[in-house]
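**Q** Supplied in structure tokens, the structure appears directly below.
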Amino acid sequence: MAEILEKSQARQRLRSLSEALDSGALQQVSRILNGGLSPSDIAHLLESSPPRQRALLWNLVDKNLEGEVLQYLSDDIRGYFLSKLNAQELATIIEDFESDDLADLLQQLPDTVIQEVLDTMDEQDRQRVEEVLAYPEDTAGGLMNTDTITVRPDLTIDVVLRYLRRHRSLPPMTDSIIVVSRRDEYIGVLPITKMLVSNPGATVREVMDTDIEPIPVTMPDTQVATLFERYDLISAPVVGEGSKLLGRITIDDVVDVIREDADHSLMSMAGLDEDEDTFAPIMKTTRRRAVWLGINLLTAFIAASVIGLFEDTIEKVVALAVLMPIVASMGGIAGSQTLTLVIRGMAVGQISGANVAWLLNREFFSGVLNGLLWAVVVSAAATLWFGDPMIGAIIAAALIINLVAAALVGTVLPLFLKSRNIDPALAGGVILTTVTDVVGFMAFLGLATIFYG
């Protein structure tokens with residue numbers, strides 16, 4: 001109930017802020033921004049505002065809140081605001097950042113600025129950030145936080161509890177203490193919930209959990225997200241060579257990965273970046289979309305060239321021009337269904353060499369059955385429409401051919417693209433549409449040429 005009330009109050013404050021903005025009451029806007037909204041709400045408001053209004057709101061945000069707000073912004077918008085700050089201003093803003101969040105932020109800056117910011121930090125903080133920066137952003141090393149609490153296995157629970165009480169606070173998302181050897185080699189974890197109910201005289205070795213496998217520092221972030229989802233993890237240790245503990249990954253960073261992957265899959269199908277700013281300026285939006293439109297235009301010309309090969313046949317039988325889009329459209333939809341299913345299966349790790357043959361077989365027979373079903377429907381409609389049983393038979397055959405081809409290409413294409421290190425979500429849709437258009441037109445018009453030529 002309290003959470004629902006809090007969300008309702010937040011919505012009310014956002015409405016009040018919007019009304020204050022419309023009326024030009026900047027003092028009221030500043031008071032609502034810095035006194036009533038959380039950093040995440042401020043970030044959401046910035047992302048939901050056109051550029052000019054966004055710049056005005058950012059200037060009204062309290063300097064002490066800027067760092068927290070930046071952490072919740074998308075990369076595109078955050079990069080814009082970062083470009084307006086000098087190294088000293090950045091150093092002030094990032095003072096309380098976690099090492100993984102700071103590394104994410106710094107990776108959006110030029111190398112010279114990164115070095116300037118690092119030079120303003122103390123030795124310990126700089127070393128922690130540099131450790132994270134040493135790994136690619138899309139790996140476990142790029143996600144990890146070096147702020148960890150570790151204990152030795154020979155200590156007693158009572159000693160560990162006294163050690164924890166010496167801390168003013170524990171790192172966020174601390175659900176367990178990591179157990180390491182004297183050479184910082186990972187041994188296991190000591191869940192806090194288990195520690196609190198254990199005999200104070202028991203040793204860590206007697207209570208700790210050794211079933212939790214550490215995450216290799218080079219593991220891709222998508223695989224990390226899969227592990228967190230599969231085993232309901234809140235945090236997990238990250239190790240390097242020789243099982244040496246390097247840091248830990250927490251669920252808040254994994255949620256970001258899951259969201260980014262979902263955004264990437266959705267936006268890539270339209271040729272857009274997952275961090276695309278909804279309210280980006282006109283020219284910036286135009287430039288980003290122009291490339292994708294050009295690619296689609298090229299594929300459209302390929303399909304049109306196939307139609308051009310059968311120009312004489314189309315002139316003889318006008319009904320072909322009317323019915324052509326049906327064959328191409330049905331193939332495109334069927335292929336997209338398969339393509340989306342396979343890309344999702346690959347993303348969650350369900351598809352491997354062991355089950356590809358079964359999947360391909362299933363999609364083939366599904367394409368055949370759907371082809372037969374809709375071929376009967378379309379054939380009957382075409383025959384009644386044009387009074388020509390031959391045109392009905394031709395479109396039925398073409399439909400079966402295209403639906404089967406769409407199912408097979410939709411299955412094989414993402415696997416092929418992945419093997420060539422090409423993003424299936426980005427390139428799959430365009431290639432699939434081109435293939436189904438070409439196959440559909442070729443089958444329909446080719447059969448028509450045989451029987452009407």
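In the structure tokens, the first chain shown is A, the next is B, and so on; residue numbers restart at 1 for each chain, and ligands run from 1 in the order shown.
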Please extract the residues of segment 202-312 of chain A with a backbone DSSP assignment of alpha helix (DSSP H) and present them as a ChimeraX atom specification.
**A** /A:204-207,221-231,251-268,282-308,311-312
**Q** Taking 5 positions as the minimum chain separation for residues in the same chain, which residues sit within 10 Å of Leu323 of chain A when counting only C-alpha atoms? Answer as a VMD selection string.
**A** chain A and resid 318 328 378 382 391 to 392 395 444
**Q** Could you tell me which of A:Ala406, A:Leu413, A:Ala427, A:Ala43 comes closest to Gly440 of chain A if we count only C-alpha atoms?
**A**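 Result for the nearest residue to Gly440 of chain A: A:Ala406.
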**Q** Leaving out Ile187 of chain A and any residue of its chain fewer than 4 positions from it, which residues lie within 10 Å of it when counting only C-alpha atoms, given as a count of residues only?
**A** 17
**Q** Could you work out how far atom CA of Ile295 of chain A lies from atom CA of Met324 of chain A, giving the answer in Å with one decimal?
**A** 22.5 Å
**Q** What lies within 12 Å of Val356 of chain A using only C-alpha atoms, ignoring chain neighbours under 4 positions off, as JSON, numbers by chain?
**A** {"A": [342, 345, 346, 350, 351, 352, 360, 361, 362, 363, 408, 411, 412, 414, 415, 416]}
**Q** Store the residues picked out above in a file with N, CA and C atoms, as an mmCIF file, in the first residue's frame.
**A**
```cif
data_model
loop_
_atom_site.group_PDB
_atom_site.id
_atom_site.type_symbol
_atom_site.label_atom_id
_atom_site.label_comp_id
_atom_site.auth_asym_id
_atom_site.auth_seq_id
_atom_site.Cartn_x
_atom_site.Cartn_y
_atom_site.Cartn_z
ATOM 1 N N VAL A 342 13.513 -17.710 -33.306
ATOM 2 C CA VAL A 342 14.882 -18.233 -33.279
ATOM 3 C C VAL A 342 15.832 -17.233 -32.611
ATOM 4 N N GLY A 345 15.300 -17.488 -28.977
ATOM 5 C CA GLY A 345 15.881 -18.723 -28.463
ATOM 6 C C GLY A 345 17.389 -18.648 -28.352
ATOM 7 N N MET A 346 18.027 -17.985 -29.317
ATOM 8 C CA MET A 346 19.481 -17.813 -29.266
ATOM 9 C C MET A 346 19.872 -16.893 -28.113
ATOM 10 N N GLN A 350 18.735 -21.180 -25.610
ATOM 11 C CA GLN A 350 17.955 -22.412 -25.773
ATOM 12 C C GLN A 350 18.306 -23.176 -27.048
ATOM 13 N N ILE A 351 18.955 -22.505 -27.990
ATOM 14 C CA ILE A 351 19.253 -23.137 -29.284
ATOM 15 C C ILE A 351 20.741 -23.471 -29.366
ATOM 16 N N SER A 352 21.036 -24.714 -29.722
ATOM 17 C CA SER A 352 22.424 -25.162 -29.857
ATOM 18 C C SER A 352 22.499 -26.146 -31.023
ATOM 19 N N LEU A 360 14.594 -27.103 -37.261
ATOM 20 C CA LEU A 360 14.471 -26.918 -38.704
ATOM 21 C C LEU A 360 13.383 -27.834 -39.276
ATOM 22 N N ASN A 361 13.349 -29.071 -38.797
ATOM 23 C CA ASN A 361 12.336 -30.032 -39.227
ATOM 24 C C ASN A 361 10.938 -29.562 -38.836
ATOM 25 N N ARG A 362 10.816 -29.054 -37.605
ATOM 26 C CA ARG A 362 9.516 -28.568 -37.132
ATOM 27 C C ARG A 362 9.036 -27.390 -37.979
ATOM 28 N N GLU A 363 9.937 -26.452 -38.260
ATOM 29 C CA GLU A 363 9.552 -25.277 -39.037
ATOM 30 C C GLU A 363 9.184 -25.654 -40.471
ATOM 31 N N LEU A 408 12.123 -21.977 -43.506
ATOM 32 C CA LEU A 408 13.501 -22.483 -43.518
ATOM 33 C C LEU A 408 14.514 -21.345 -43.404
ATOM 34 N N THR A 411 14.709 -19.828 -39.958
ATOM 35 C CA THR A 411 15.425 -20.671 -38.992
ATOM 36 C C THR A 411 16.932 -20.606 -39.201
ATOM 37 N N VAL A 412 17.366 -20.738 -40.438
ATOM 38 C CA VAL A 412 18.792 -20.843 -40.744
ATOM 39 C C VAL A 412 19.497 -19.484 -40.722
ATOM 40 N N PRO A 414 19.336 -16.516 -38.926
ATOM 41 C CA PRO A 414 19.971 -15.960 -37.721
ATOM 42 C C PRO A 414 21.169 -16.772 -37.244
ATOM 43 N N LEU A 415 21.114 -18.095 -37.423
ATOM 44 C CA LEU A 415 22.243 -18.942 -37.036
ATOM 45 C C LEU A 415 23.460 -18.650 -37.921
ATOM 46 N N PHE A 416 23.214 -18.470 -39.212
ATOM 47 C CA PHE A 416 24.298 -18.151 -40.138
ATOM 48 C C PHE A 416 24.906 -16.785 -39.821
#
```
**Q** To one decimal in Å, tell me the separation between atom CA of Leu33 of chain A and atom CA of Ser83 of chain A.
**A**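 Going from atom CA of Leu33 of chain A over to atom CA of Ser83 of chain A, I get 22.5 Å.
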**Q** Which one is closest to Ile157 of chain A: A:Asn64, A:Pro191, A:Val376, A:Ile215? Count only C-alpha atoms.
**A**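 Answer, going by the shortest atom-to-atom distance: A:Pro191.
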**Q** Grab the atom CA of Leu426 of chain A to atom CA of Thr340 of chain A distance for me, in Å with one decimal place.
**A**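 Spanning atom CA of Leu426 of chain A to atom CA of Thr340 of chain A is a straight-line distance of 11.6 Å.
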**Q** Tell me which protein, DNA and RNA residues are within 12 Å of Asp119 of chain A, counting only C-alpha atoms, leaving out same-chain ones fewer than 4 positions away, and put them as a ChimeraX atom specification.
**A** /A:87-88,90-91,112-115,123-127,129-130
**Q** Write a file of the selected residues as a PDB file, in the first residue's frame, keeping C-alpha atoms.
**A**
```pdb
ATOM      1  CA  ALA A  87      37.211  17.341 -16.106  1.00  0.00           C
ATOM      2  CA  GLN A  88      36.952  19.158 -12.759  1.00  0.00           C
ATOM      3  CA  LEU A  90      33.086  15.600 -13.787  1.00  0.00           C
ATOM      4  CA  ALA A  91      35.379  14.745 -10.885  1.00  0.00           C
ATOM      5  CA  THR A 112      42.103  12.576 -22.932  1.00  0.00           C
ATOM      6  CA  VAL A 113      39.156  13.504 -20.718  1.00  0.00           C
ATOM      7  CA  ILE A 114      39.145  10.045 -19.104  1.00  0.00           C
ATOM      8  CA  GLN A 115      42.768  10.476 -18.105  1.00  0.00           C
ATOM      9  CA  GLU A 123      45.077   6.188  -5.786  1.00  0.00           C
ATOM     10  CA  GLN A 124      42.679   3.547  -4.444  1.00  0.00           C
ATOM     11  CA  ASP A 125      39.618   4.776  -6.359  1.00  0.00           C
ATOM     12  CA  ARG A 126      41.621   5.238  -9.556  1.00  0.00           C
ATOM     13  CA  GLN A 127      42.974   1.699  -9.333  1.00  0.00           C
ATOM     14  CA  VAL A 129      38.119   2.126 -11.896  1.00  0.00           C
ATOM     15  CA  GLU A 130      41.100   1.224 -14.071  1.00  0.00           C
TER      16      GLU A 130
END
```
**Q** Excluding Glu311 of chain A and any residue of its chain fewer than 3 positions from it, enumerate the residues within 12 Å of it, using only C-alpha atoms, and give them as a list in words.
**A**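 The contact residues come out as Ala304, Ser305, Val306, Ile307, Gly308, Ile314, Glu315, Lys316, Val317, Val318, Leu320, Ala321, Phe441, Leu445, Gly446, Ala448, Thr449 and Gly453 of chain A.
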**Q** Pick from A:Ile422, A:Ile32, A:Leu106, A:Ile177: nearest to Ala20 of chain A, with only C-alpha atoms counted?
**A**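 Of A:Ile422, A:Ile32, A:Leu106, A:Ile177, the one nearest Ala20 of chain A, counting only C-alpha atoms, is A:Ile32.
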**Q** Select, from A:Leu339, A:Leu373, A:Ile149, A:Ala443, the residue with the minimum atom-to-atom distance to Val409 of chain A, counting only C-alpha atoms.
**A** A:Leu339
**Q** Quick one: DSSP strand (DSSP E) residues in segment 60-260 of chain A, as a count of residues only?
**A** 26
**Q** Can you list, as an NGL selection string, every protein, DNA or RNA residue that comes within 10 Å of Met390 of chain A when you count only C-alpha atoms, leaving out same-chain residues fewer than 4 positions away?
**A** :A and (379 or 382-383 or 386 or 394-396 or 448 or 451-452)
**Q** Okay, now the selection with all heavy atoms, as a JSON list (two decimals), in the first residue's frame?
**A**
```json
[["chain", "number", "residue", "atom", "x", "y", "z"],
["A", 379, "SER", "N", -6.66, -19.65, -52.85],
["A", 379, "SER", "CA", -7.02, -20.18, -54.17],
["A", 379, "SER", "C", -8.51, -20.02, -54.44],
["A", 379, "SER", "O", -8.92, -19.60, -55.53],
["A", 379, "SER", "CB", -6.63, -21.67, -54.25],
["A", 379, "SER", "OG", -7.07, -22.23, -55.46],
["A", 382, "ALA", "N", -9.27, -16.29, -55.01],
["A", 382, "ALA", "CA", -8.77, -15.81, -56.31],
["A", 382, "ALA", "C", -9.62, -16.35, -57.45],
["A", 382, "ALA", "O", -9.91, -15.63, -58.43],
["A", 382, "ALA", "CB", -7.31, -16.22, -56.49],
["A", 383, "THR", "N", -10.05, -17.60, -57.33],
["A", 383, "THR", "CA", -10.88, -18.21, -58.38],
["A", 383, "THR", "C", -12.23, -17.51, -58.47],
["A", 383, "THR", "O", -12.72, -17.20, -59.56],
["A", 383, "THR", "CB", -11.07, -19.72, -58.11],
["A", 383, "THR", "OG1", -9.79, -20.36, -58.07],
["A", 383, "THR", "CG2", -11.94, -20.36, -59.18],
["A", 386, "PHE", "N", -11.63, -13.73, -59.89],
["A", 386, "PHE", "CA", -11.30, -13.54, -61.30],
["A", 386, "PHE", "C", -11.93, -14.59, -62.22],
["A", 386, "PHE", "O", -11.76, -14.52, -63.44],
["A", 386, "PHE", "CB", -9.77, -13.56, -61.49],
["A", 386, "PHE", "CG", -9.07, -12.42, -60.81],
["A", 386, "PHE", "CD1", -8.45, -12.61, -59.58],
["A", 386, "PHE", "CD2", -9.08, -11.15, -61.38],
["A", 386, "PHE", "CE1", -7.82, -11.55, -58.94],
["A", 386, "PHE", "CE2", -8.45, -10.09, -60.74],
["A", 386, "PHE", "CZ", -7.82, -10.28, -59.52],
["A", 394, "ILE", "N", -2.30, -21.50, -59.36],
["A", 394, "ILE", "CA", -0.95, -20.92, -59.40],
["A", 394, "ILE", "C", -0.61, -20.21, -58.09],
["A", 394, "ILE", "O", 0.46, -20.40, -57.52],
["A", 394, "ILE", "CB", -0.82, -19.95, -60.60],
["A", 394, "ILE", "CG1", -0.83, -20.74, -61.91],
["A", 394, "ILE", "CG2", 0.44, -19.12, -60.49],
["A", 394, "ILE", "CD1", -0.90, -19.85, -63.14],
["A", 395, "ILE", "N", -1.55, -19.40, -57.60],
["A", 395, "ILE", "CA", -1.26, -18.67, -56.37],
["A", 395, "ILE", "C", -1.19, -19.63, -55.17],
["A", 395, "ILE", "O", -0.42, -19.41, -54.23],
["A", 395, "ILE", "CB", -2.30, -17.55, -56.12],
["A", 395, "ILE", "CG1", -1.74, -16.59, -55.04],
["A", 395, "ILE", "CG2", -3.65, -18.11, -55.71],
["A", 395, "ILE", "CD1", -2.60, -15.35, -54.83],
["A", 396, "ALA", "N", -1.94, -20.73, -55.22],
["A", 396, "ALA", "CA", -1.88, -21.73, -54.15],
["A", 396, "ALA", "C", -0.49, -22.36, -54.09],
["A", 396, "ALA", "O", 0.12, -22.49, -53.02],
["A", 396, "ALA", "CB", -2.95, -22.79, -54.37],
["A", 448, "ALA", "N", 3.11, -18.63, -63.46],
["A", 448, "ALA", "CA", 2.17, -17.98, -64.37],
["A", 448, "ALA", "C", 2.72, -17.94, -65.78],
["A", 448, "ALA", "O", 1.99, -18.14, -66.78],
["A", 448, "ALA", "CB", 1.85, -16.58, -63.88],
["A", 451, "PHE", "N", 2.32, -21.42, -67.40],
["A", 451, "PHE", "CA", 0.96, -21.84, -67.78],
["A", 451, "PHE", "C", 0.25, -20.85, -68.69],
["A", 451, "PHE", "O", -0.69, -21.21, -69.41],
["A", 451, "PHE", "CB", 0.12, -22.07, -66.53],
["A", 451, "PHE", "CG", 0.53, -23.31, -65.76],
["A", 451, "PHE", "CD1", 1.32, -23.21, -64.64],
["A", 451, "PHE", "CD2", 0.13, -24.56, -66.19],
["A", 451, "PHE", "CE1", 1.71, -24.34, -63.93],
["A", 451, "PHE", "CE2", 0.50, -25.70, -65.51],
["A", 451, "PHE", "CZ", 1.31, -25.59, -64.36],
["A", 452, "TYR", "N", 0.67, -19.57, -68.65],
["A", 452, "TYR", "CA", 0.02, -18.57, -69.50],
["A", 452, "TYR", "C", 0.91, -18.13, -70.65],
["A", 452, "TYR", "O", 0.46, -17.41, -71.54],
["A", 452, "TYR", "CB", -0.38, -17.33, -68.68],
["A", 452, "TYR", "CG", -1.57, -17.55, -67.77],
["A", 452, "TYR", "CD1", -1.39, -17.74, -66.40],
["A", 452, "TYR", "CD2", -2.86, -17.57, -68.28],
["A", 452, "TYR", "CE1", -2.46, -17.92, -65.55],
["A", 452, "TYR", "CE2", -3.94, -17.75, -67.46],
["A", 452, "TYR", "CZ", -3.74, -17.93, -66.08],
["A", 452, "TYR", "OH", -4.83, -18.11, -65.27]]
```
